[in-house]
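Have a look at entry_26.cif below; it lists mmCIF, C-alpha atoms and all ligand atoms.
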```cif
data_entry
#
loop_
_atom_site.group_PDB
_atom_site.id
_atom_site.type_symbol
_atom_site.label_atom_id
_atom_site.label_comp_id
_atom_site.auth_asym_id
_atom_site.auth_seq_id
_atom_site.Cartn_x
_atom_site.Cartn_y
_atom_site.Cartn_z
ATOM 1 C CA MET X 47 -9.590 -26.949 -4.475
ATOM 2 C CA LEU X 48 -7.021 -24.188 -5.052
ATOM 3 C CA ALA X 49 -4.675 -26.312 -7.179
ATOM 4 C CA LYS X 50 -3.719 -24.577 -10.425
ATOM 5 C CA LYS X 51 -5.725 -21.476 -9.434
ATOM 6 C CA THR X 52 -4.471 -17.922 -9.687
ATOM 7 C CA LEU X 53 -5.233 -15.200 -7.192
ATOM 8 C CA ALA X 54 -5.162 -11.411 -7.516
ATOM 9 C CA VAL X 55 -5.251 -9.289 -4.373
ATOM 10 C CA VAL X 56 -6.293 -5.698 -4.971
ATOM 11 C CA GLY X 57 -4.938 -3.724 -2.019
ATOM 12 C CA VAL X 58 -2.098 -5.595 -0.342
ATOM 13 C CA GLY X 59 -2.235 -3.742 2.970
ATOM 14 C CA LYS X 60 -2.314 -5.157 6.491
ATOM 15 C CA LEU X 61 -5.114 -7.622 5.823
ATOM 16 C CA GLY X 62 -4.109 -8.499 2.256
ATOM 17 C CA GLU X 63 -0.558 -9.139 3.410
ATOM 18 C CA ALA X 64 -1.706 -11.319 6.320
ATOM 19 C CA LEU X 65 -3.875 -13.416 4.006
ATOM 20 C CA ILE X 66 -1.206 -13.826 1.321
ATOM 21 C CA SER X 67 1.446 -14.771 3.921
ATOM 22 C CA GLY X 68 -0.917 -17.337 5.387
ATOM 23 C CA LEU X 69 -1.831 -18.746 1.969
ATOM 24 C CA LEU X 70 1.811 -19.037 0.899
ATOM 25 C CA LYS X 71 2.511 -21.083 4.029
ATOM 26 C CA ASN X 72 -0.652 -23.155 4.158
ATOM 27 C CA SER X 73 -2.130 -23.580 0.678
ATOM 28 C CA SER X 74 -1.075 -24.994 -2.671
ATOM 29 C CA LEU X 75 -0.742 -21.446 -4.007
ATOM 30 C CA ALA X 76 2.830 -20.386 -4.786
ATOM 31 C CA ALA X 77 4.111 -16.822 -5.014
ATOM 32 C CA SER X 78 3.994 -17.107 -8.819
ATOM 33 C CA ASP X 79 0.222 -17.812 -8.630
ATOM 34 C CA ILE X 80 -0.476 -14.555 -6.795
ATOM 35 C CA THR X 81 -0.386 -10.968 -8.009
ATOM 36 C CA GLY X 82 -1.135 -7.883 -5.973
ATOM 37 C CA SER X 83 -1.790 -4.185 -6.338
ATOM 38 C CA VAL X 84 -1.197 -1.246 -4.026
ATOM 39 C CA GLY X 85 -1.987 2.453 -4.002
ATOM 40 C CA LYS X 86 1.431 4.045 -3.592
ATOM 41 C CA THR X 87 4.576 3.491 -5.674
ATOM 42 C CA THR X 88 6.596 3.226 -2.465
ATOM 43 C CA SER X 89 4.535 0.211 -1.338
ATOM 44 C CA ILE X 90 5.489 -1.910 -4.376
ATOM 45 C CA GLU X 91 9.058 -2.743 -3.373
ATOM 46 C CA ARG X 92 8.143 -3.289 0.277
ATOM 47 C CA VAL X 93 5.390 -5.781 -0.548
ATOM 48 C CA GLU X 94 7.347 -7.556 -3.306
ATOM 49 C CA LYS X 95 10.291 -7.990 -0.948
ATOM 50 C CA LYS X 96 8.148 -9.256 1.893
ATOM 51 C CA LEU X 97 5.892 -11.659 -0.026
ATOM 52 C CA GLY X 98 7.833 -12.471 -3.190
ATOM 53 C CA ILE X 99 4.764 -11.872 -5.373
ATOM 54 C CA LYS X 100 4.457 -9.536 -8.366
ATOM 55 C CA VAL X 101 2.993 -6.204 -7.264
ATOM 56 C CA SER X 102 1.920 -3.194 -9.309
ATOM 57 C CA GLN X 103 -0.257 -0.096 -9.167
ATOM 58 C CA ASP X 104 -2.234 -1.285 -12.180
ATOM 59 C CA ASN X 105 -5.413 -2.881 -10.849
ATOM 60 C CA LYS X 106 -6.669 -3.943 -14.279
ATOM 61 C CA GLU X 107 -3.434 -5.765 -15.126
ATOM 62 C CA THR X 108 -3.405 -7.334 -11.656
ATOM 63 C CA VAL X 109 -6.847 -8.932 -11.981
ATOM 64 C CA ALA X 110 -6.980 -9.715 -15.723
ATOM 65 C CA GLY X 111 -7.545 -13.435 -16.288
ATOM 66 C CA LYS X 112 -7.066 -14.445 -12.631
ATOM 67 C CA ASP X 113 -9.383 -17.125 -11.254
ATOM 68 C CA ILE X 114 -9.985 -15.427 -7.925
ATOM 69 C CA ILE X 115 -9.933 -11.691 -7.239
ATOM 70 C CA LEU X 116 -9.717 -10.637 -3.623
ATOM 71 C CA LEU X 117 -10.647 -7.014 -3.003
ATOM 72 C CA ALA X 118 -8.871 -5.739 0.124
ATOM 73 C CA VAL X 119 -8.862 -1.979 -0.278
ATOM 74 C CA LYS X 120 -10.483 0.267 2.337
ATOM 75 C CA PRO X 121 -14.287 0.460 2.214
ATOM 76 C CA GLN X 122 -14.172 4.075 1.027
ATOM 77 C CA ASN X 123 -12.010 3.044 -1.975
ATOM 78 C CA MET X 124 -14.273 0.203 -3.071
ATOM 79 C CA ASP X 125 -16.622 2.247 -5.257
ATOM 80 C CA ARG X 126 -13.742 3.739 -7.240
ATOM 81 C CA VAL X 127 -11.881 0.433 -7.591
ATOM 82 C CA LEU X 128 -15.000 -1.484 -8.660
ATOM 83 C CA LYS X 129 -15.858 1.081 -11.322
ATOM 84 C CA GLU X 130 -12.267 0.936 -12.550
ATOM 85 C CA LEU X 131 -12.429 -2.870 -12.811
ATOM 86 C CA LYS X 132 -15.943 -3.205 -14.254
ATOM 87 C CA GLU X 133 -14.852 -3.854 -17.829
ATOM 88 C CA THR X 134 -11.972 -6.173 -16.873
ATOM 89 C CA ILE X 135 -13.675 -8.606 -14.488
ATOM 90 C CA THR X 136 -15.798 -11.278 -16.169
ATOM 91 C CA PRO X 137 -18.442 -13.642 -14.749
ATOM 92 C CA LYS X 138 -15.902 -16.504 -15.096
ATOM 93 C CA GLN X 139 -13.856 -14.996 -12.281
ATOM 94 C CA LEU X 140 -14.732 -15.158 -8.593
ATOM 95 C CA VAL X 141 -14.676 -11.895 -6.649
ATOM 96 C CA ILE X 142 -14.164 -12.017 -2.896
ATOM 97 C CA SER X 143 -14.571 -8.765 -0.989
ATOM 98 C CA VAL X 144 -13.187 -8.398 2.515
ATOM 99 C CA ALA X 145 -14.103 -4.725 2.885
ATOM 100 C CA ALA X 146 -15.936 -3.982 6.099
ATOM 101 C CA SER X 147 -19.558 -2.886 5.713
ATOM 102 C CA VAL X 148 -19.544 -3.200 1.908
ATOM 103 C CA THR X 149 -22.400 -5.512 0.966
ATOM 104 C CA SER X 150 -22.265 -8.162 -1.731
ATOM 105 C CA SER X 151 -24.985 -6.298 -3.658
ATOM 106 C CA PHE X 152 -22.881 -3.092 -3.528
ATOM 107 C CA VAL X 153 -20.095 -5.047 -5.252
ATOM 108 C CA GLN X 154 -22.386 -6.871 -7.704
ATOM 109 C CA GLU X 155 -24.134 -3.657 -8.790
ATOM 110 C CA ARG X 156 -20.812 -2.096 -9.787
ATOM 111 C CA LEU X 157 -19.539 -5.070 -11.798
ATOM 112 C CA LYS X 158 -20.811 -6.746 -14.970
ATOM 113 C CA GLU X 159 -24.084 -8.673 -14.645
ATOM 114 C CA GLY X 160 -23.516 -12.201 -13.343
ATOM 115 C CA VAL X 161 -20.082 -11.764 -11.719
ATOM 116 C CA PRO X 162 -20.029 -14.094 -8.704
ATOM 117 C CA VAL X 163 -19.279 -12.339 -5.432
ATOM 118 C CA VAL X 164 -18.551 -13.727 -1.983
ATOM 119 C CA ARG X 165 -18.275 -11.362 0.956
ATOM 120 C CA ALA X 166 -15.803 -12.369 3.649
ATOM 121 C CA MET X 167 -14.723 -10.909 6.936
ATOM 122 C CA PRO X 168 -11.398 -12.469 7.956
ATOM 123 C CA ASN X 169 -8.931 -11.261 10.574
ATOM 124 C CA THR X 170 -5.183 -10.713 10.778
ATOM 125 C CA PRO X 171 -4.283 -13.887 12.755
ATOM 126 C CA SER X 172 -4.716 -15.521 9.321
ATOM 127 C CA VAL X 173 -0.994 -14.820 8.977
ATOM 128 C CA ILE X 174 -0.260 -17.572 11.526
ATOM 129 C CA ASN X 175 -2.972 -19.960 10.361
ATOM 130 C CA ALA X 176 -5.211 -18.937 13.280
ATOM 131 C CA GLY X 177 -7.629 -16.738 11.368
ATOM 132 C CA MET X 178 -11.393 -16.539 11.730
ATOM 133 C CA ALA X 179 -13.513 -15.596 8.752
ATOM 134 C CA GLY X 180 -17.237 -15.032 8.433
ATOM 135 C CA LEU X 181 -18.572 -15.618 4.916
ATOM 136 C CA CYS X 182 -21.737 -15.015 2.943
ATOM 137 C CA ALA X 183 -22.434 -15.378 -0.750
ATOM 138 C CA GLY X 184 -23.913 -12.935 -3.229
ATOM 139 C CA VAL X 185 -26.719 -13.997 -5.572
ATOM 140 C CA HIS X 186 -24.535 -15.038 -8.538
ATOM 141 C CA ALA X 187 -22.043 -17.298 -6.684
ATOM 142 C CA ASN X 188 -22.631 -21.013 -7.275
ATOM 143 C CA ALA X 189 -21.794 -23.852 -4.872
ATOM 144 C CA ASP X 190 -18.326 -24.472 -6.387
ATOM 145 C CA GLN X 191 -17.419 -20.805 -6.182
ATOM 146 C CA ILE X 192 -18.628 -20.549 -2.589
ATOM 147 C CA ALA X 193 -16.580 -23.660 -1.761
ATOM 148 C CA MET X 194 -13.528 -22.084 -3.418
ATOM 149 C CA ALA X 195 -13.911 -18.939 -1.303
ATOM 150 C CA GLU X 196 -14.286 -21.081 1.782
ATOM 151 C CA ALA X 197 -11.149 -23.049 0.817
ATOM 152 C CA ILE X 198 -9.120 -19.818 0.711
ATOM 153 C CA PHE X 199 -9.999 -18.925 4.281
ATOM 154 C CA LYS X 200 -9.901 -22.533 5.547
ATOM 155 C CA CYS X 201 -6.220 -22.574 4.538
ATOM 156 C CA VAL X 202 -5.523 -19.854 7.076
ATOM 157 C CA GLY X 203 -7.971 -20.617 9.874
ATOM 158 C CA GLU X 204 -11.613 -21.277 10.702
ATOM 159 C CA THR X 205 -14.630 -20.242 8.677
ATOM 160 C CA VAL X 206 -18.297 -19.778 9.393
ATOM 161 C CA PHE X 207 -21.176 -18.926 7.056
ATOM 162 C CA VAL X 208 -23.616 -16.315 8.322
ATOM 163 C CA ASP X 209 -26.564 -14.422 6.947
ATOM 164 C CA GLU X 210 -25.308 -11.204 5.343
ATOM 165 C CA SER X 211 -27.335 -9.172 7.879
ATOM 166 C CA LEU X 212 -24.873 -10.407 10.524
ATOM 167 C CA MET X 213 -21.682 -9.407 8.719
ATOM 168 C CA ASP X 214 -21.342 -6.075 10.570
ATOM 169 C CA ALA X 215 -21.588 -8.007 13.825
ATOM 170 C CA VAL X 216 -18.911 -10.453 12.632
ATOM 171 C CA THR X 217 -16.756 -7.468 11.670
ATOM 172 C CA ALA X 218 -17.099 -6.004 15.160
ATOM 173 C CA LEU X 219 -16.549 -9.322 16.949
ATOM 174 C CA SER X 220 -13.871 -11.328 15.167
ATOM 175 C CA ALA X 221 -12.284 -8.885 12.704
ATOM 176 C CA SER X 222 -11.880 -6.084 15.259
ATOM 177 C CA GLY X 223 -11.619 -8.617 18.083
ATOM 178 C CA PRO X 224 -7.844 -9.172 17.996
ATOM 179 C CA ALA X 225 -7.381 -5.473 18.847
ATOM 180 C CA TYR X 226 -9.536 -5.805 21.971
ATOM 181 C CA LEU X 227 -7.708 -8.939 23.034
ATOM 182 C CA TYR X 228 -4.276 -7.372 22.527
ATOM 183 C CA VAL X 229 -5.397 -4.724 25.011
ATOM 184 C CA VAL X 230 -6.383 -7.467 27.446
ATOM 185 C CA VAL X 231 -3.017 -9.246 27.042
ATOM 186 C CA GLU X 232 -1.191 -5.941 27.413
ATOM 187 C CA SER X 233 -3.136 -5.117 30.580
ATOM 188 C CA LEU X 234 -2.531 -8.535 32.133
ATOM 189 C CA ALA X 235 1.169 -8.176 31.343
ATOM 190 C CA GLU X 236 1.164 -4.706 32.951
ATOM 191 C CA ALA X 237 -0.314 -6.309 36.054
ATOM 192 C CA GLY X 238 2.553 -8.799 36.055
ATOM 193 C CA VAL X 239 5.029 -5.937 35.729
ATOM 194 C CA LYS X 240 3.325 -4.106 38.598
ATOM 195 C CA LEU X 241 3.816 -7.232 40.697
ATOM 196 C CA GLY X 242 7.505 -7.437 39.786
ATOM 197 C CA ILE X 243 7.551 -9.904 36.862
ATOM 198 C CA PRO X 244 9.896 -8.855 34.015
ATOM 199 C CA ARG X 245 7.843 -7.511 31.055
ATOM 200 C CA GLU X 246 8.865 -10.205 28.593
ATOM 201 C CA THR X 247 7.958 -12.962 31.045
ATOM 202 C CA ALA X 248 4.722 -11.202 32.003
ATOM 203 C CA THR X 249 3.705 -10.909 28.332
ATOM 204 C CA LEU X 250 4.422 -14.597 27.771
ATOM 205 C CA LEU X 251 2.402 -15.533 30.857
ATOM 206 C CA ALA X 252 -0.514 -13.373 29.701
ATOM 207 C CA ALA X 253 -0.514 -14.363 26.019
ATOM 208 C CA GLN X 254 -0.046 -18.097 26.573
ATOM 209 C CA THR X 255 -2.806 -17.983 29.200
ATOM 210 C CA MET X 256 -5.168 -16.339 26.716
ATOM 211 C CA PHE X 257 -4.183 -18.887 24.070
ATOM 212 C CA GLY X 258 -4.752 -21.773 26.504
ATOM 213 C CA ALA X 259 -8.106 -20.435 27.668
ATOM 214 C CA ALA X 260 -9.273 -19.940 24.072
ATOM 215 C CA LYS X 261 -8.120 -23.462 23.148
ATOM 216 C CA MET X 262 -9.971 -24.895 26.147
ATOM 217 C CA VAL X 263 -13.192 -23.259 24.942
ATOM 218 C CA LEU X 264 -12.651 -24.540 21.392
ATOM 219 C CA ASP X 265 -11.521 -28.070 22.272
ATOM 220 C CA SER X 266 -13.864 -28.814 25.164
ATOM 221 C CA LYS X 267 -16.866 -27.006 23.639
ATOM 222 C CA ALA X 268 -17.834 -26.353 27.259
ATOM 223 C CA HIS X 269 -19.579 -23.122 28.210
ATOM 224 C CA PRO X 270 -16.924 -20.532 29.211
ATOM 225 C CA ALA X 271 -18.739 -20.002 32.536
ATOM 226 C CA MET X 272 -18.258 -23.676 33.379
ATOM 227 C CA LEU X 273 -14.554 -23.495 32.540
ATOM 228 C CA LYS X 274 -14.284 -20.380 34.702
ATOM 229 C CA ASP X 275 -15.798 -22.292 37.611
ATOM 230 C CA THR X 276 -13.086 -24.970 37.339
ATOM 231 C CA VAL X 277 -10.450 -22.283 38.029
ATOM 232 C CA THR X 278 -12.354 -20.621 40.842
ATOM 233 C CA THR X 279 -11.582 -22.395 44.146
ATOM 234 C CA PRO X 280 -14.027 -21.512 46.929
ATOM 235 C CA ALA X 281 -12.462 -18.826 49.134
ATOM 236 C CA GLY X 282 -9.414 -18.848 46.836
ATOM 237 C CA CYS X 283 -7.749 -15.932 45.101
ATOM 238 C CA THR X 284 -9.442 -16.182 41.639
ATOM 239 C CA ILE X 285 -12.838 -15.192 43.035
ATOM 240 C CA ASP X 286 -11.271 -12.013 44.425
ATOM 241 C CA GLY X 287 -9.919 -11.211 40.947
ATOM 242 C CA LEU X 288 -13.294 -11.963 39.363
ATOM 243 C CA MET X 289 -15.027 -9.633 41.815
ATOM 244 C CA GLU X 290 -12.718 -6.836 40.687
ATOM 245 C CA LEU X 291 -13.582 -7.594 37.059
ATOM 246 C CA GLU X 292 -17.304 -7.421 37.882
ATOM 247 C CA GLU X 293 -16.834 -4.142 39.721
ATOM 248 C CA GLY X 294 -14.870 -2.767 36.747
ATOM 249 C CA LYS X 295 -17.720 -3.905 34.446
ATOM 250 C CA LEU X 296 -15.446 -5.890 32.143
ATOM 251 C CA ARG X 297 -18.304 -7.924 30.665
ATOM 252 C CA VAL X 298 -20.608 -5.055 29.845
ATOM 253 C CA THR X 299 -17.659 -3.021 28.569
ATOM 254 C CA LEU X 300 -16.709 -5.763 26.111
ATOM 255 C CA ILE X 301 -20.319 -6.209 25.012
ATOM 256 C CA LYS X 302 -20.698 -2.464 24.477
ATOM 257 C CA ALA X 303 -17.386 -2.295 22.588
ATOM 258 C CA VAL X 304 -18.544 -4.902 20.061
ATOM 259 C CA VAL X 305 -22.018 -3.339 19.728
ATOM 260 C CA LYS X 306 -20.455 0.102 19.156
ATOM 261 C CA ALA X 307 -18.039 -1.238 16.543
ATOM 262 C CA ALA X 308 -20.946 -2.957 14.753
ATOM 263 C CA GLU X 309 -22.841 0.350 14.692
ATOM 264 C CA ARG X 310 -19.796 2.012 13.157
ATOM 265 C CA ALA X 311 -19.548 -0.747 10.564
ATOM 266 C CA ARG X 312 -23.152 -0.044 9.564
ATOM 267 C CA GLU X 313 -22.410 3.681 9.357
ATOM 268 C CA LEU X 314 -19.373 3.186 7.131
ATOM 269 C CA VAL X 315 -21.459 2.004 4.220
ATOM 270 C CA ASN X 316 -23.756 5.038 4.512
ATOM 271 C CA SER X 317 -20.945 7.576 4.608
ATOM 272 C CA GLN X 318 -19.389 5.759 1.672
ATOM 273 C CA THR X 319 -22.595 5.944 -0.371
ATOM 274 C CA GLN X 320 -22.922 9.665 0.367
ATOM 275 C CA THR X 321 -19.310 10.258 -0.651
ATOM 276 C CA TYR X 322 -19.713 8.686 -4.032
ATOM 277 C CA LYS X 323 -23.250 9.740 -4.951
HETATM 278 N N1 LIG N 1 -7.041 -4.981 9.102
HETATM 279 C C1 LIG N 1 -7.901 -5.910 9.470
HETATM 280 O O1 LIG N 1 -7.748 -6.557 10.513
HETATM 281 C C2 LIG N 1 -9.090 -6.235 8.602
HETATM 282 C C3 LIG N 1 -9.902 -7.331 8.927
HETATM 283 C C4 LIG N 1 -10.981 -7.652 8.086
HETATM 284 C C5 LIG N 1 -11.245 -6.884 6.964
HETATM 285 N N2 LIG N 1 -10.452 -5.810 6.703
HETATM 286 C C6 LIG N 1 -10.770 -5.032 5.500
HETATM 287 O O2 LIG N 1 -9.662 -5.118 4.632
HETATM 288 C C7 LIG N 1 -9.558 -3.910 3.875
HETATM 289 C C8 LIG N 1 -8.130 -3.387 4.022
HETATM 290 O O3 LIG N 1 -7.870 -3.111 5.385
HETATM 291 P P1 LIG N 1 -6.373 -2.935 5.900
HETATM 292 O O4 LIG N 1 -6.462 -2.846 7.368
HETATM 293 O O5 LIG N 1 -5.520 -3.973 5.254
HETATM 294 O O6 LIG N 1 -6.045 -1.495 5.291
HETATM 295 P P2 LIG N 1 -4.654 -0.975 4.676
HETATM 296 O O7 LIG N 1 -3.520 -1.560 5.418
HETATM 297 O O8 LIG N 1 -4.788 0.499 4.591
HETATM 298 O O9 LIG N 1 -4.637 -1.601 3.207
HETATM 299 C C9 LIG N 1 -5.258 -1.005 2.097
HETATM 300 C C10 LIG N 1 -4.423 -1.334 0.892
HETATM 301 O O10 LIG N 1 -5.095 -0.825 -0.257
HETATM 302 C C11 LIG N 1 -4.102 -0.220 -1.078
HETATM 303 N N3 LIG N 1 -4.759 0.730 -1.975
HETATM 304 C C12 LIG N 1 -5.185 1.996 -1.722
HETATM 305 N N4 LIG N 1 -5.771 2.508 -2.819
HETATM 306 C C13 LIG N 1 -5.700 1.559 -3.763
HETATM 307 C C14 LIG N 1 -6.127 1.483 -5.114
HETATM 308 N N5 LIG N 1 -6.776 2.505 -5.701
HETATM 309 N N6 LIG N 1 -5.868 0.357 -5.804
HETATM 310 C C15 LIG N 1 -5.249 -0.697 -5.228
HETATM 311 N N7 LIG N 1 -4.828 -0.692 -3.957
HETATM 312 C C16 LIG N 1 -5.049 0.421 -3.243
HETATM 313 C C17 LIG N 1 -3.147 0.413 -0.108
HETATM 314 O O11 LIG N 1 -1.910 0.675 -0.736
HETATM 315 P P3 LIG N 1 -0.941 1.844 -0.178
HETATM 316 O O12 LIG N 1 -0.607 1.463 1.240
HETATM 317 O O13 LIG N 1 0.214 1.810 -1.094
HETATM 318 O O14 LIG N 1 -1.755 3.113 -0.228
HETATM 319 C C18 LIG N 1 -3.031 -0.724 0.894
HETATM 320 O O15 LIG N 1 -2.121 -1.675 0.430
HETATM 321 C C19 LIG N 1 -10.585 -2.935 4.436
HETATM 322 O O16 LIG N 1 -11.678 -2.875 3.566
HETATM 323 C C20 LIG N 1 -10.983 -3.541 5.763
HETATM 324 O O17 LIG N 1 -12.314 -3.268 6.073
HETATM 325 C C21 LIG N 1 -9.375 -5.477 7.479
#
```
Could you write out this structure as structure tokens?
Ligand SMILES: NC(=O)c1ccc[n+]([C@@H]2O[C@H](COP(=O)([O-])OP(=O)(O)OC[C@H]3O[C@@H](n4cnc5c(N)ncnc54)[C@H](OP(=O)(O)O)[C@@H]3O)[C@@H](O)[C@H]2O)c1
Amino acid sequence: MLAKKTLAVVGVGKLGEALISGLLKNSSLAASDITGSVGKTTSIERVEKKLGIKVSQDNKETVAGKDIILLAVKPQNMDRVLKELKETITPKQLVISVAASVTSSFVQERLKEGVPVVRAMPNTPSVINAGMAGLCAGVHANADQIAMAEAIFKCVGETVFVDESLMDAVTALSASGPAYLYVVVESLAEAGVKLGIPRETATLLAAQTMFGAAKMVLDSKAHPAMLKDTVTTPAGCTIDGLMELEEGKLRVTLIKAVVKAAERARELVNSQTQTYK
């Protein structure tokens, strides 16, 4: 699907870099098929060195004639960048926006009539082919273009299509999610250290355990509660640990964290609109 395609990434920051690295390893796209743009002059050399792609500060030159344009600047920069690119992007090109809280109609309204837009919410584990992306299509994207957007993210992980009204929730759950889980791994490793395990070993024990538990959920498709029960021996030690988690309100804390992040994602678009009105 991506054979002989060219890709422009506007804003090769943390997410853009993770996606390009993943695509270079796992798709038919070569470094010569990808161009990127950044905000600061100092970023050019760093990104070129790291990814081997051509990078510039000229957004128009970066996107001109490319088959797929991935917009990965911060939400608050989207309005400015879209207005800058309005005359350059044509309806023959596919625009994919990964900016949190920026709707597909926000993007469409700022580009020429008919430009196909797909909104995506990937995450940084895309760099190791373990990404998770939620996708939804704007009104002008046809089936082939939607499939092409899906192919991009399938190369670097899993994809799921959701109604656009759920994209802030996806942002809060799977795009922000790695940050929450790093805290969990870090905390489990700290517990190991507290109990005398060397930090490196404790981190390996914690991270591989999280990886294994996640893989069990994915592979078995069993309810997590059922998998938890298989670890919890009656009168054993796990139930004592679980009781501590309940007392510390781990579940409700995680639920509230995701709900709060989703609220913030909704707010972002409002503050952005006010800024640029
Ligand atoms: N990080 C994540 O896990 C994640 C996950 C899903 C979606 N996203 C979305 O991805 C987007 C980028 O997030 P990020 O975390 O990667 O942020 P970031 O690291 O700050 O990246 C932003 C990039 O945009 C560049 N930039 C700034 N102004 C520009 C301009 N006028 N033209 C072209 N490039 C410009 C910056 O270049 P300089 O550094 O040179 O200024 C930087 O490379 C956001 O919209 C975010 O919502 C992020």
Show me which residues are within 7 Å of ligand LIG 1 (chain N) counting all atoms listed in the file, and format the list as a PDB file with C-alpha atoms, in the coordinates of the input.
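The result, written out as pocket-v4.pdb:
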```
ATOM      1  CA  VAL X  56      -6.293  -5.698  -4.971  1.00  0.00           C
ATOM      2  CA  GLY X  57      -4.938  -3.724  -2.019  1.00  0.00           C
ATOM      3  CA  VAL X  58      -2.098  -5.595  -0.342  1.00  0.00           C
ATOM      4  CA  GLY X  59      -2.235  -3.742   2.970  1.00  0.00           C
ATOM      5  CA  LYS X  60      -2.314  -5.157   6.491  1.00  0.00           C
ATOM      6  CA  LEU X  61      -5.114  -7.622   5.823  1.00  0.00           C
ATOM      7  CA  GLY X  62      -4.109  -8.499   2.256  1.00  0.00           C
ATOM      8  CA  SER X  83      -1.790  -4.185  -6.338  1.00  0.00           C
ATOM      9  CA  VAL X  84      -1.197  -1.246  -4.026  1.00  0.00           C
ATOM     10  CA  GLY X  85      -1.987   2.453  -4.002  1.00  0.00           C
ATOM     11  CA  LYS X  86       1.431   4.045  -3.592  1.00  0.00           C
ATOM     12  CA  THR X  87       4.576   3.491  -5.674  1.00  0.00           C
ATOM     13  CA  THR X  88       6.596   3.226  -2.465  1.00  0.00           C
ATOM     14  CA  SER X  89       4.535   0.211  -1.338  1.00  0.00           C
ATOM     15  CA  GLN X 103      -0.257  -0.096  -9.167  1.00  0.00           C
ATOM     16  CA  ASN X 105      -5.413  -2.881 -10.849  1.00  0.00           C
ATOM     17  CA  ALA X 118      -8.871  -5.739   0.124  1.00  0.00           C
ATOM     18  CA  VAL X 119      -8.862  -1.979  -0.278  1.00  0.00           C
ATOM     19  CA  LYS X 120     -10.483   0.267   2.337  1.00  0.00           C
ATOM     20  CA  PRO X 121     -14.287   0.460   2.214  1.00  0.00           C
ATOM     21  CA  ASN X 123     -12.010   3.044  -1.975  1.00  0.00           C
ATOM     22  CA  VAL X 127     -11.881   0.433  -7.591  1.00  0.00           C
ATOM     23  CA  VAL X 144     -13.187  -8.398   2.515  1.00  0.00           C
ATOM     24  CA  ALA X 145     -14.103  -4.725   2.885  1.00  0.00           C
ATOM     25  CA  ALA X 146     -15.936  -3.982   6.099  1.00  0.00           C
ATOM     26  CA  MET X 167     -14.723 -10.909   6.936  1.00  0.00           C
ATOM     27  CA  PRO X 168     -11.398 -12.469   7.956  1.00  0.00           C
ATOM     28  CA  ASN X 169      -8.931 -11.261  10.574  1.00  0.00           C
ATOM     29  CA  THR X 170      -5.183 -10.713  10.778  1.00  0.00           C
ATOM     30  CA  THR X 217     -16.756  -7.468  11.670  1.00  0.00           C
ATOM     31  CA  ALA X 221     -12.284  -8.885  12.704  1.00  0.00           C
ATOM     32  CA  SER X 222     -11.880  -6.084  15.259  1.00  0.00           C
TER      33      SER X 222
END
```
Original post:
Quick one: of X:Ala193, X:Ile80, X:Cys283, X:Ile142, who's nearest to Gly98 (chain X), counting all atoms listed in the file?
Top reply: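 So, comparing all the options, the nearest one is X:Ile80.
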Original post:
Looking at only C-alpha atoms, which of X:Ala176, X:Leu97, X:Leu117, X:Ala166 is the one that sits closest to Ile192 (chain X)?
Top reply: X:Ala166
Would you translate the PyMOL selection byres (((chain X and resi 184-190) around 6) and not hetatm) into the concrete set of residues it matches in this file, as an mmCIF file with C-alpha atoms, keeping the file's coordinate frame?
```cif
data_model
loop_
_atom_site.group_PDB
_atom_site.id
_atom_site.type_symbol
_atom_site.label_atom_id
_atom_site.label_comp_id
_atom_site.auth_asym_id
_atom_site.auth_seq_id
_atom_site.Cartn_x
_atom_site.Cartn_y
_atom_site.Cartn_z
ATOM 1 C CA SER X 150 -22.265 -8.162 -1.731
ATOM 2 C CA GLY X 160 -23.516 -12.201 -13.343
ATOM 3 C CA PRO X 162 -20.029 -14.094 -8.704
ATOM 4 C CA VAL X 163 -19.279 -12.339 -5.432
ATOM 5 C CA VAL X 164 -18.551 -13.727 -1.983
ATOM 6 C CA ALA X 183 -22.434 -15.378 -0.750
ATOM 7 C CA GLN X 191 -17.419 -20.805 -6.182
ATOM 8 C CA ILE X 192 -18.628 -20.549 -2.589
ATOM 9 C CA ALA X 193 -16.580 -23.660 -1.761
#
```
**OP:** Enter the distance from CA of Lys261 (chain X) to CA of Arg297 (chain X), in Å, rounded to one decimal.
**Re:**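 Those two atoms sit 20.0 Å apart.
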Original post:
Any idea what the distance is between CA of Leu48 (chain X) and CA of Glu196 (chain X)?
Top reply: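 Interatomic distance, CA of Leu48 (chain X) to CA of Glu196 (chain X): 10.4 Å.
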